[in-house]
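Q: Enclosed is the structure file run-v1.csv (CSV, C-alpha atoms and all ligand atoms).
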```csv
chain,number,residue,atom,x,y,z
A,1,MET,CA,21.4,7.8,-6.4
A,2,ASP,CA,21.9,4.0,-6.1
A,3,GLN,CA,20.2,1.7,-8.5
A,4,ILE,CA,16.6,0.9,-7.4
A,5,ASP,CA,14.1,-1.8,-8.2
A,6,VAL,CA,11.0,0.0,-7.1
A,7,LEU,CA,10.0,3.7,-6.9
A,8,ASN,CA,7.0,4.0,-4.5
A,9,PHE,CA,5.3,7.3,-5.2
A,10,GLY,CA,2.9,7.3,-2.2
A,11,SER,CA,1.5,8.7,1.0
A,12,LEU,CA,3.1,9.3,4.3
A,13,ASN,CA,0.8,9.7,7.3
A,14,ILE,CA,1.0,10.3,11.0
A,15,ASP,CA,-1.2,7.5,12.4
A,16,LEU,CA,-3.1,8.4,15.6
A,17,VAL,CA,-4.3,5.1,16.9
A,18,TYR,CA,-7.1,4.7,19.5
A,19,GLN,CA,-7.9,1.3,21.0
A,20,LEU,CA,-11.7,1.2,21.8
A,21,PRO,CA,-14.2,-1.4,22.9
A,22,HIS,CA,-16.1,-0.7,19.7
A,23,PHE,CA,-16.1,1.9,16.9
A,24,VAL,CA,-17.7,5.2,18.0
A,25,ARG,CA,-21.4,5.4,17.0
A,26,PRO,CA,-23.3,8.6,15.9
A,27,LYS,CA,-24.0,10.9,18.8
A,28,GLU,CA,-21.7,8.8,21.1
A,29,THR,CA,-18.7,10.0,23.1
A,30,LEU,CA,-16.3,7.2,24.0
A,31,SER,CA,-13.1,7.0,25.9
A,32,CYS,CA,-10.3,5.0,24.4
A,33,THR,CA,-8.3,2.4,26.4
A,34,GLU,CA,-5.0,3.2,24.7
A,35,PHE,CA,-3.5,5.8,22.4
A,36,ALA,CA,-0.4,5.6,20.3
A,37,ARG,CA,1.2,7.7,17.5
A,38,PHE,CA,2.9,5.7,14.7
A,39,ALA,CA,4.4,6.2,11.3
A,40,GLY,CA,1.9,5.2,8.6
A,41,GLY,CA,0.3,5.9,5.3
A,42,LYS,CA,-0.3,3.2,2.7
A,43,GLY,CA,2.7,4.5,0.8
A,44,LEU,CA,5.1,4.6,3.6
A,45,ASN,CA,4.0,1.1,4.9
A,46,GLN,CA,4.5,-0.4,1.5
A,47,SER,CA,8.0,1.1,1.2
A,48,VAL,CA,8.9,-0.3,4.6
A,49,ALA,CA,7.6,-3.7,3.6
A,50,LEU,CA,9.6,-3.7,0.4
A,51,ALA,CA,12.8,-2.6,2.2
A,52,ARG,CA,12.4,-5.1,5.0
A,53,ALA,CA,11.9,-7.8,2.3
A,54,GLY,CA,15.3,-6.8,0.9
A,55,VAL,CA,14.1,-4.7,-2.1
A,56,ARG,CA,16.0,-1.6,-3.3
A,57,VAL,CA,13.2,0.9,-3.0
A,58,ALA,CA,13.0,4.7,-3.1
A,59,HIS,CA,10.0,6.6,-1.7
A,60,ALA,CA,8.6,9.7,-3.4
A,61,GLY,CA,5.9,11.7,-1.7
A,62,LYS,CA,5.4,14.8,0.3
A,63,ILE,CA,5.5,15.7,4.0
A,64,GLY,CA,5.1,19.0,5.8
A,65,PRO,CA,7.2,20.6,8.5
A,66,ASP,CA,5.8,18.2,11.1
A,67,GLY,CA,6.7,15.0,9.2
A,68,GLU,CA,10.4,14.6,9.6
A,69,PHE,CA,10.0,11.5,11.8
A,70,LEU,CA,8.3,9.8,8.8
A,71,ALA,CA,11.4,10.4,6.7
A,72,GLU,CA,13.5,9.0,9.5
A,73,THR,CA,11.3,5.9,9.7
A,74,LEU,CA,11.8,5.3,6.0
A,75,ARG,CA,15.6,5.8,6.3
A,76,ASN,CA,15.9,3.5,9.3
A,77,ALA,CA,14.0,0.8,7.4
A,78,GLY,CA,16.6,1.1,4.5
A,79,VAL,CA,14.4,3.1,2.1
A,80,ASP,CA,16.0,5.7,-0.2
A,81,THR,CA,14.5,9.1,0.7
A,82,HIS,CA,16.3,11.0,-2.0
A,83,PHE,CA,13.0,11.9,-3.7
A,84,LEU,CA,11.0,12.9,-0.7
A,85,LEU,CA,9.4,16.3,-1.1
A,86,ARG,CA,8.8,18.9,1.6
A,87,GLY,CA,6.0,21.5,1.6
A,88,GLU,CA,4.3,24.0,3.8
A,89,GLU,CA,1.1,22.0,4.2
A,90,PRO,CA,0.9,19.8,7.3
A,91,THR,CA,1.8,16.2,6.9
A,92,GLY,CA,-1.2,13.8,6.2
A,93,HIS,CA,-2.6,12.0,9.2
A,94,ALA,CA,-5.0,9.2,10.0
A,95,VAL,CA,-7.3,8.8,12.9
A,96,ILE,CA,-7.5,5.1,13.4
A,97,GLN,CA,-10.0,3.3,15.7
A,98,VAL,CA,-9.0,-0.3,16.6
A,99,ASP,CA,-11.7,-2.4,18.3
A,100,ARG,CA,-11.5,-5.4,20.6
A,101,GLU,CA,-11.3,-7.8,17.6
A,102,GLY,CA,-8.4,-5.9,16.1
A,103,GLN,CA,-10.5,-4.5,13.2
A,104,ASN,CA,-10.0,-0.9,12.3
A,105,CYS,CA,-11.7,2.1,10.7
A,106,ILE,CA,-9.7,5.0,9.4
A,107,LEU,CA,-10.4,8.7,8.9
A,108,LEU,CA,-7.8,10.4,6.6
A,109,TYR,CA,-6.6,14.0,6.4
A,110,PRO,CA,-4.6,14.1,3.1
A,111,GLY,CA,-2.6,17.3,3.9
A,112,ALA,CA,0.8,17.4,2.1
A,113,ASN,CA,0.1,14.0,0.3
A,114,CYS,CA,-2.3,15.8,-2.0
A,115,SER,CA,-0.1,18.9,-2.8
A,116,ILE,CA,2.3,17.3,-5.3
A,117,THR,CA,2.8,19.3,-8.5
A,118,ARG,CA,3.1,18.0,-12.0
A,119,THR,CA,6.5,19.6,-12.2
A,120,GLU,CA,7.6,17.6,-9.2
A,121,ILE,CA,6.2,14.4,-10.7
A,122,ARG,CA,8.0,14.9,-14.0
A,123,GLY,CA,11.2,15.9,-12.2
A,124,ILE,CA,11.2,12.6,-10.3
A,125,LEU,CA,10.0,10.3,-13.0
A,126,GLY,CA,12.7,11.7,-15.3
A,127,GLN,CA,15.4,10.3,-13.1
A,128,ILE,CA,14.0,6.7,-13.0
A,129,ARG,CA,15.2,4.0,-15.3
A,130,LYS,CA,13.0,2.3,-17.8
A,131,GLY,CA,11.7,-1.0,-16.5
A,132,THR,CA,11.7,0.0,-12.8
A,133,ILE,CA,8.5,-0.8,-10.9
A,134,LEU,CA,6.4,2.2,-10.0
A,135,LEU,CA,4.2,1.4,-7.0
A,136,LEU,CA,1.2,3.6,-6.3
A,137,GLN,CA,-1.8,3.8,-3.9
A,138,ASN,CA,-4.7,6.2,-3.9
A,139,GLU,CA,-3.6,8.6,-1.2
A,140,ILE,CA,-1.8,11.2,-3.3
A,141,ASN,CA,-3.2,13.6,-5.9
A,142,ASP,CA,-3.0,13.4,-9.7
A,143,LEU,CA,-2.7,9.6,-10.1
A,144,PRO,CA,-4.0,9.4,-13.7
A,145,PHE,CA,-1.3,11.9,-14.8
A,146,LEU,CA,1.3,10.1,-12.9
A,147,MET,CA,0.3,6.7,-14.4
A,148,LYS,CA,0.3,8.1,-18.0
A,149,GLU,CA,3.7,9.8,-17.6
A,150,ALA,CA,5.2,6.6,-16.1
A,151,ALA,CA,3.8,4.4,-18.8
A,152,GLU,CA,5.2,6.7,-21.5
A,153,ARG,CA,8.6,6.5,-19.8
A,154,GLY,CA,8.5,2.7,-19.8
A,155,LEU,CA,8.0,2.1,-16.1
A,156,SER,CA,6.1,-1.0,-14.9
A,157,ILE,CA,3.1,0.1,-12.9
A,158,ALA,CA,1.8,-1.8,-9.8
A,159,ILE,CA,-1.1,-0.1,-8.1
A,160,ASN,CA,-3.2,-0.6,-5.0
A,161,PRO,CA,-6.0,1.9,-5.6
A,162,ALA,CA,-6.8,2.3,-1.9
A,163,PRO,CA,-8.8,3.9,-0.5
A,164,CYS,CA,-11.0,3.2,-3.5
A,165,GLY,CA,-13.6,5.9,-4.2
A,166,PRO,CA,-15.8,6.2,-7.4
A,167,GLU,CA,-13.1,8.3,-9.1
A,168,VAL,CA,-10.8,5.2,-9.4
A,169,ALA,CA,-12.9,3.5,-12.1
A,170,ALA,CA,-11.9,6.4,-14.4
A,171,TYR,CA,-8.1,5.9,-13.7
A,172,PRO,CA,-6.1,4.4,-16.6
A,173,LEU,CA,-5.8,1.1,-14.7
A,174,GLU,CA,-5.3,-0.8,-17.9
A,175,LEU,CA,-1.7,0.6,-17.8
A,176,ALA,CA,-1.0,-1.4,-14.6
A,177,GLU,CA,0.9,-4.6,-14.7
A,178,THR,CA,-0.3,-5.5,-11.3
A,179,LEU,CA,-3.5,-4.4,-9.5
A,180,PHE,CA,-4.0,-5.1,-5.8
A,181,VAL,CA,-7.4,-4.8,-4.3
A,182,ASN,CA,-9.2,-6.0,-1.1
A,183,GLU,CA,-12.8,-7.2,-1.1
A,184,VAL,CA,-14.2,-3.7,-0.5
A,185,GLU,CA,-12.0,-2.1,-3.2
A,186,GLY,CA,-12.8,-4.9,-5.7
A,187,ALA,CA,-16.5,-4.4,-5.2
A,188,GLU,CA,-16.2,-0.6,-5.6
A,189,LEU,CA,-14.1,-0.9,-8.7
A,190,SER,CA,-16.1,-3.7,-10.4
A,191,GLY,CA,-19.5,-2.2,-9.4
A,192,CYS,CA,-20.4,-5.8,-8.3
A,193,GLY,CA,-21.3,-6.8,-4.8
A,194,GLY,CA,-21.0,-10.5,-5.7
A,195,SER,CA,-18.4,-13.2,-4.8
A,196,PRO,CA,-14.7,-12.7,-5.2
A,197,ALA,CA,-14.9,-14.9,-8.3
A,198,GLU,CA,-17.5,-12.7,-9.9
A,199,VAL,CA,-15.5,-9.5,-9.1
A,200,LEU,CA,-12.4,-11.0,-10.6
A,201,ASP,CA,-14.3,-12.0,-13.7
A,202,ILE,CA,-15.3,-8.4,-14.2
A,203,LEU,CA,-11.9,-7.0,-13.5
A,204,CYS,CA,-10.1,-9.5,-15.7
A,205,ALA,CA,-12.4,-8.7,-18.6
A,206,ARG,CA,-11.8,-5.0,-18.1
A,207,TYR,CA,-8.0,-5.3,-17.6
A,208,PRO,CA,-7.0,-8.4,-19.6
A,209,HIS,CA,-3.3,-7.6,-19.5
A,210,SER,CA,-3.0,-7.0,-15.7
A,211,GLU,CA,-2.5,-9.5,-13.0
A,212,ILE,CA,-5.2,-8.9,-10.4
A,213,ILE,CA,-4.5,-9.7,-6.8
A,214,MET,CA,-7.4,-9.7,-4.4
A,215,THR,CA,-6.8,-10.0,-0.6
A,216,LEU,CA,-9.6,-11.5,1.5
A,217,GLY,CA,-8.3,-11.0,5.0
A,218,ALA,CA,-8.6,-14.3,7.1
A,219,ASP,CA,-9.9,-16.0,3.9
A,220,GLY,CA,-6.6,-15.7,2.1
A,221,ALA,CA,-6.1,-14.1,-1.3
A,222,CYS,CA,-6.7,-14.8,-5.0
A,223,ARG,CA,-4.7,-14.1,-8.1
A,224,ALA,CA,-6.2,-13.8,-11.6
A,225,LYS,CA,-4.7,-13.1,-14.9
A,226,GLY,CA,-6.9,-13.6,-17.9
A,227,PRO,CA,-8.4,-17.1,-17.5
A,228,ASP,CA,-5.8,-18.2,-14.9
A,229,ARG,CA,-6.9,-18.2,-11.3
A,230,PHE,CA,-5.7,-19.5,-7.9
A,231,HIS,CA,-6.3,-19.0,-4.2
A,232,VAL,CA,-4.0,-19.1,-1.3
A,233,ALA,CA,-5.0,-19.5,2.4
A,234,SER,CA,-4.0,-17.1,5.2
A,235,PRO,CA,-1.9,-18.7,7.9
A,236,PRO,CA,-4.0,-18.7,11.2
A,237,VAL,CA,-3.1,-15.9,13.5
A,238,ALA,CA,-4.4,-14.3,16.7
A,239,VAL,CA,-5.6,-10.8,15.4
A,240,VAL,CA,-4.1,-7.8,17.3
A,241,ASP,CA,-4.4,-5.1,14.6
A,242,THR,CA,-5.2,-5.5,10.9
A,243,THR,CA,-3.8,-2.0,10.0
A,244,SER,CA,-1.1,-2.4,7.3
A,245,ALA,CA,-1.7,-6.1,6.7
A,246,GLY,CA,-2.6,-5.3,3.0
A,247,ASP,CA,0.4,-3.0,2.7
A,248,THR,CA,2.6,-5.8,4.0
A,249,PHE,CA,1.1,-8.2,1.5
A,250,THR,CA,1.7,-5.8,-1.4
A,251,GLY,CA,5.3,-5.2,-0.4
A,252,TYR,CA,6.2,-8.9,0.1
A,253,TYR,CA,4.4,-10.0,-3.1
A,254,LEU,CA,6.4,-7.6,-5.2
A,255,ALA,CA,9.6,-8.6,-3.3
A,256,ALA,CA,9.0,-12.3,-3.8
A,257,LYS,CA,8.4,-11.7,-7.5
A,258,LEU,CA,11.6,-9.7,-7.8
A,259,ARG,CA,13.4,-12.7,-6.2
A,260,GLY,CA,12.1,-14.8,-9.1
A,261,TYR,CA,9.3,-16.6,-7.2
A,262,SER,CA,6.4,-18.0,-9.1
A,263,PRO,CA,3.1,-16.2,-8.6
A,264,GLU,CA,1.8,-19.0,-6.3
A,265,ARG,CA,4.9,-18.9,-4.1
A,266,ALA,CA,4.9,-15.1,-4.1
A,267,MET,CA,1.3,-15.1,-2.9
A,268,GLU,CA,2.0,-17.6,-0.1
A,269,THR,CA,5.0,-15.5,1.0
A,270,ALA,CA,2.9,-12.4,1.0
A,271,ALA,CA,0.1,-14.1,2.9
A,272,LEU,CA,2.6,-15.2,5.6
A,273,ALA,CA,4.0,-11.7,5.9
A,274,GLY,CA,0.5,-10.2,6.1
A,275,SER,CA,-0.5,-12.6,8.9
A,276,ILE,CA,2.6,-11.7,10.9
A,277,ALA,CA,1.7,-8.0,10.7
A,278,VAL,CA,-1.9,-8.8,11.8
A,279,GLY,CA,-0.5,-10.3,15.0
A,280,ARG,CA,1.2,-7.0,16.0
A,281,ALA,CA,0.0,-3.5,16.8
A,282,GLY,CA,0.6,-0.5,14.6
A,283,ALA,CA,1.2,0.0,10.9
A,284,ALA,CA,4.8,0.3,9.7
A,285,VAL,CA,6.1,-1.0,13.0
A,286,SER,CA,4.2,-4.3,12.6
A,287,ILE,CA,5.8,-5.2,9.3
A,288,PRO,CA,8.0,-8.3,9.5
A,289,LYS,CA,11.7,-8.5,8.5
A,290,ALA,CA,12.9,-10.7,5.7
A,291,GLU,CA,14.2,-13.4,8.0
A,292,GLU,CA,10.8,-13.9,9.5
A,293,VAL,CA,9.3,-14.5,6.1
A,294,PHE,CA,11.8,-15.9,3.6
A,295,PRO,CA,13.3,-19.3,4.3
A,296,ALA,CA,17.0,-19.2,5.3
A,297,GLU,CA,19.2,-19.6,2.2
A,298,GLY,CA,22.3,-21.8,1.9
B,301,LIG,O1,-3.2,0.8,5.2
B,301,LIG,C1,-3.0,1.4,6.5
B,301,LIG,C2,-2.8,2.8,6.4
B,301,LIG,O2,-3.9,3.5,5.9
B,301,LIG,C3,-2.5,3.5,7.7
B,301,LIG,O3,-1.2,3.5,8.1
B,301,LIG,C4,-3.1,4.9,7.5
B,301,LIG,O4,-2.2,5.9,7.5
B,301,LIG,C5,-3.9,4.8,6.2
B,301,LIG,O5,-3.3,5.5,5.2
```
Could you write out this structure as structure tokens?
A:
Amino acid sequence: MDQIDVLNFGSLNIDLVYQLPHFVRPKETLSCTEFARFAGGKGLNQSVALARAGVRVAHAGKIGPDGEFLAETLRNAGVDTHFLLRGEEPTGHAVIQVDREGQNCILLYPGANCSITRTEIRGILGQIRKGTILLLQNEINDLPFLMKEAAERGLSIAINPAPCGPEVAAYPLELAETLFVNEVEGAELSGCGGSPAEVLDILCARYPHSEIIMTLGADGACRAKGPDRFHVASPPVAVVDTTSAGDTFTGYYLAAKLRGYSPERAMETAALAGSIAVGRAGAAVSIPKAEEVFPAEG
């Protein structure tokens, strides 16, 4: 296996995307105006974003017999699929409604994503060099175990605990170097429905050694570490589909940091990449290439 900068241990989903005038209401039956099937999953999207941003990334996760096109999507994007596991359970999928404003709501079927064994986790982590970034989301099983094993092996953990249920507060998030949340995840995790600043105060007090990145959609994003805070704006964009905007942000933020960018510059770079993804339909397919985001060198 080639040297990698990031191991992304994360989900792979088949995204079934329905364009609708509005989200389906209780007791309503609604015809969609368009349907498409895309490669997705927060894990896969973040691996694609990292690879498109020029990072040497390997993806670990599990697919079923119906998921080979997801492996192919990763390979085509330049992601190392050496650690991809195969099982008998069907591949995870997501039913995604996209309304006229480009907003989405997502129903997840975890499938193979949540059938990863501890032996498989140990087997993969045992092959990863100390200091490598381990990127995680909350769409696979046994994350607390994975985080503890990774920390013991000296990996640097970055986590986007999405989707964020009540179980996440009990995860050993203090082991994370970087914690990515959006407003909804920040509110769930902090137990505070207040302003982003109030949520960040709570998270920074709870995880004083982690940098906390909070994305705010059209309102930009904030970064906090201990007492240091700053905000970056989102470049204006005509919204087509917000799916994977956060995943794009995460991948490009880590990529920019790996290029040696300051946190401010990395946040601006990630906000630009996220805004480009929002202007396009689909998840992985909407993620920009490095040349669209990083200034030309030389
Ligand atoms: O973040 C977007 C992703 O969330 C979609 O691709 C879908 O699969 C869900 O995991």
Q: So the first atom is atom CA of A:His93 and the second is atom O3 of ligand LIG 301 (chain B); what is the distance between them in Å, to one decimal place?
A: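 Value for the atom CA of A:His93-atom O3 of ligand LIG 301 (chain B) distance: 8.7 Å.
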Q: Using all atoms listed in the file, what table do you get, as CSV, when you list each residue of chain A with an atom no more than 6 Å from ligand LIG 301 (chain B), its nearest pair of atoms, and their distance in Å rounded to one decimal, rows by chain then rising number?
A:
```
residue,atom,partner,partner_atom,distance
A:Asn13,CA,B:LIG301,O4,4.8
A:Asp15,CA,B:LIG301,O4,5.3
A:Gly40,CA,B:LIG301,O3,3.6
A:Gly41,CA,B:LIG301,O4,3.3
A:Lys42,CA,B:LIG301,C2,4.5
A:Ala94,CA,B:LIG301,O4,5.0
A:Thr243,CA,B:LIG301,C1,4.9
A:Ser244,CA,B:LIG301,C1,4.3
A:Asp247,CA,B:LIG301,O1,5.8
A:Ala283,CA,B:LIG301,O3,5.1
```
Q: Just to confirm, what's the straight-line distance from atom CA of A:Ser210 to atom CA of A:Thr250 in Å (one decimal)?
A: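 Calculated distance between atom CA of A:Ser210 and atom CA of A:Thr250 is 15.1 Å.
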Q: Need to verify the contact set: A:Thr119, 12 Å, only C-alpha atoms, exclusion of same-chain residues closer than 2 positions in sequence. Can you return it as an MDAnalysis selection string?
A: chainID A and resid 85 115:117 121:126 142 145:146 149
Q: Counting only C-alpha atoms, note down every residue that has an atom within 7 Å of the point (8.7, 1.7, 0.8) (file coordinates), as an MDAnalysis selection string.
A: chainID A and resid 8 43:51 57:59 79
Q: Could you tell me how far atom CA of A:Arg118 lies from atom CA of A:Asp2, in Å and to one decimal?
A: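 It comes out at 24.2 Å.
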